[in-house]
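Asks: Okay, handing you the structure first.
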Amino acid sequence: MTDGQIVTLTTDFGLADPYVGAMKGVMLSIVPHAHLVDITHQIPPQGVRQTAFVLYAVWPFFPPRTVHLVVVDPGVGTQRRPIAGQTAHGFFVGPDNGVFSYVMAQEPVSSLVELVDPQYRLAPVSQTFHGRDIFAPAAAHLAAGVPLHRLGPAVSDPVTFAPPALSVSPGQVRGEVIYIDHFGNAITSIGRLSWEGDLLSLQPAFAEDGPSGTRIPAPQAYVSAGGQELRGVRRTYGEVDAGEVLALVGSTGHLELAVREGSGADALGLQSGDAVELRW
Amino acid sequence: MTDGQIVTLTTDFGLADPYVGAMKGVMLSIVPHAHLVDITHQIPPQGVRQTAFVLYAVWPFFPPRTVHLVVVDPGVGTQRRPIAGQTAHGFFVGPDNGVFSYVMAQEPVSSLVELVDPQYRLAPVSQTFHGRDIFAPAAAHLAAGVPLHRLGPAVSDPVTFAPPALSVSPGQVRGEVIYIDHFGNAITSIGRLSWEGDLLSLQPAFAEDGPSGTRIPAPQAYVSAGGQELRGVRRTYGEVDAGEVLALVGSTGHLELAVREGSGADALGLQSGDAVELRW
Amino acid sequence: MTDGQIVTLTTDFGLADPYVGAMKGVMLSIVPHAHLVDITHQIPPQGVRQTAFVLYAVWPFFPPRTVHLVVVDPGVGTQRRPIAGQTAHGFFVGPDNGVFSYVMAQEPVSSLVELVDPQYRLAPVSQTFHGRDIFAPAAAHLAAGVPLHRLGPAVSDPVTFAPPALSVSPGQVRGEVIYIDHFGNAITSIGRLSWEGDLLSLQPAFAEDGPSGTRIPAPQAYVSAGGQELRGVRRTYGEVDAGEVLALVGSTGHLELAVREGSGADALGLQSGDAVELRW
């Protein structure tokens, strides 16, 4: 493969310890010109669903053939499989625990394998750090051009978790909070939304055969969340005053609950999984 | 432009969310060999003045033609303009809200434009994430060699805020705290200072026509800040004992209030904007 | 040297301030194609021993000729020397305060110099930021292929601190906690350990002539730490229930005290320096 092949990293290792550095050293020893891009190392412990969302949010913006390495792996040392897969848009490498659920719901997976070939692992493989010993080498070899099928046998039954709640009926969409960002914006499963004048067109994000064609009159809609009801879906924070709660279409195209210059999650007492309803 | 063109990133996005990663993906899709360098993603919310200082502190150390991308943008979605500019030392790209004030006070801006050409934006442009949809593409196209004037029409009236307080009179310089770093060092507007034996030569940093030639006898000077008076301006922490408050010339060439192995801001109760006086 | 020469960075500067960015700008001005890899910037203040451990943990995983830049430098501005050294596996650059102790205990140092040649420093050198003015330029020039001996005169007496406590006797190994990671795993000086079936083979990590050939029957061993006694050394977290304390061989090959999905240091009240005993 060419110089400058991109490998992204998403982990729950934090930035204080030598673990991320060790993984980078392993990869650069295999593919010295790899372009390593940190997505985040601050996934909360056990944060498999947050990880799935983060990948979903960055996936479409990277060049094709990017390798996305994910090490959020509460099951390290158990029988969970190490896997790698390919879609039209890139490769993913990590534990078979659901972290790739949202990516796999978006794009057909052309190939999916279990990472068992010792030629593409460090030796010996530790029992506690597959990020360094299995996943980083696999990502680097993919970046170096090794074909995916060489890394191990095909997997046909990857672990995926159920998509977030989302039901569409005439005049109503019901969903749930799926991610709260560090600004306190509560991102919901209601998306993707796009503007057509004052109408919002809804394309359910994680459902392969969801209803489409739903049009929502944004200024006349009501959003219920955290026991409050908000009038209208806004385009931007600038439509309300500082400190005011609003519902808007966020940068991922999903409905968000926010406070201008504040925290929507705090103001509404929202957590991941809480119900959100949009009516019109 | 050549391979390895540098783009730096300064934002208030934190490191936990997918936002910085999405911007990097956008840039690498445009200019795959860009060298992306994180300055910081931990600017406090609304921290326009802190941002201006951070840029001022790193600006002289990067190679010419570096592109400095800044996304500290409380006004996203309002009428504030997206801009990009060029000095002899580099390019800057970001919101027209004052973040470039200190850089523009240091170096003549040879060209300054509003980022309106849709060819150099993502489509569609979201209302809430211009970092990804306007600023990152502009920075990447500049790194790829697109001339600045192609990105949009000239801007002649950029938003700048007033430079920090700094007044020089015989035997006295009055300034203010402009930045507190994570060690607790309180950096003041009194600079830039350089040593000439035991004398400090003062060149006002943010004033185009400030007085020069001021010479301050460092050991005999007094520094007043936070209700305390300190004798002497030190060269280094090593001149005092651990835990002791001192005034010294910091790494940016500005007068700082510090505690050896401690926090000067905490010890003196200092915040940005607090008055600091140097007398001799 | 070739394009893509790797320079790693390990500091206590945090990620909020412009200091790391300034160092990166200095290096890229000297060697534009350097591949800069952050190990961590979150070493605790004065954390010289933590730094030594972090370097020890990443050192073997990077390609030969990697330059490891370390700026954990409580003595900046005192008479402590700035140094750079070379082993078969790479270069190191930083203050002569012990941060390289564990690396130097692992590998012979073929060359060690004091960084005094002004040609390979910024001018002027500040009294407070040798990371930017001395260490970053030295690291960049080494990455650019400048021979180590050109940077200054040889040093024969680097500062090193005593290796961590570790005593091996029949049926017993006594060590101490040397590092606590952000998950709360308490890593001890008892290592390196490798599995041979159910036996653990011990190779003392920091002692040049330590006893070898010690074989420990892992399932029948007892580990005492923090006033508790644990039965057995485990291979992996998966052998115990969530919330349970265990002793296991961690990813660095050292004995660790941990809690599955929790903090071993908190559960056992452990700090760096606390005694740990392994008996069988």
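Following the order of the structure tokens, chains are lettered A, B, ..., residues in each are numbered from 1, and ligands are numbered from 1.
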Please provide as a PyMOL selection string all residues within 7 Å of Phe206 in chain A, with the sequence filter that same-chain residues fewer than 3 positions apart are discarded (counting only C-alpha atoms).
Replies: chain A and resi 102+105-106+163
Asks: Write down, as a PyMOL selection string, each residue of chain C that has any atom within 6 Å of an atom of chain B, counting only C-alpha atoms.
Replies: chain C and resi 15-16+18+21-22+25-26+29+77-78+127-129
Asks: For CA of Pro124 in chain C and CA of Leu69 in chain B, determine how far apart the two atoms are, in Å to one decimal place.
Replies: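 Taking CA of Pro124 in chain C and CA of Leu69 in chain B, their separation equals 28.4 Å.
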Asks: Going by DSSP on the backbone, which residues of range 91-168 of chain C come out as helix (DSSP H, G or I)? List them as a ChimeraX atom specification.
Replies: /C:101-106,118-120,130-143,148-151
Asks: Which one of C:Ala247, C:Met23, C:Leu112, C:Leu202 sits closest to Ala140 in chain C if you count only C-alpha atoms?
Replies: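 Among C:Ala247, C:Met23, C:Leu112, C:Leu202, it is C:Met23 that comes nearest to Ala140 in chain C.
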Asks: Record the distance separating CA of Ala136 in chain C and CA of Leu199 in chain B, expressed in Å with one decimal.
Replies: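 Computed distance, CA of Ala136 in chain C to CA of Leu199 in chain B, equals 28.2 Å.
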Asks: Hey, what does DSSP flag as strand (DSSP E) within range 18-224 of chain B? Can you give it to me as a PyMOL selection string?
Replies: chain B and resi 35-40+66-71+82-87+90-95+111-114+166-169+172-180+186-191+193-196+199-202+214-217+222-224
Asks: As an exercise, work out the distance from CA of Asp274 in chain C to CA of Arg80 in chain C in Å and give it to one decimal place.
Replies: 29.1 Å
Asks: Do you know which residues are at most 12 Å from Pro158 in chain B counting only C-alpha atoms, after dropping those on the same chain fewer than 5 positions away, and could you put them as a VMD selection string?
Replies: chain B and resid 80 to 85 94 to 101 104 to 105 109 111 to 114
Asks: Name the closest residue to Arg65 in chain B among the candidates B:Pro204, B:Pro147, B:Gly191, B:Gly273; distances are taken between atoms, counting only C-alpha atoms.
Replies: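 Counting only C-alpha atoms, the residue closest to Arg65 in chain B is B:Pro147.
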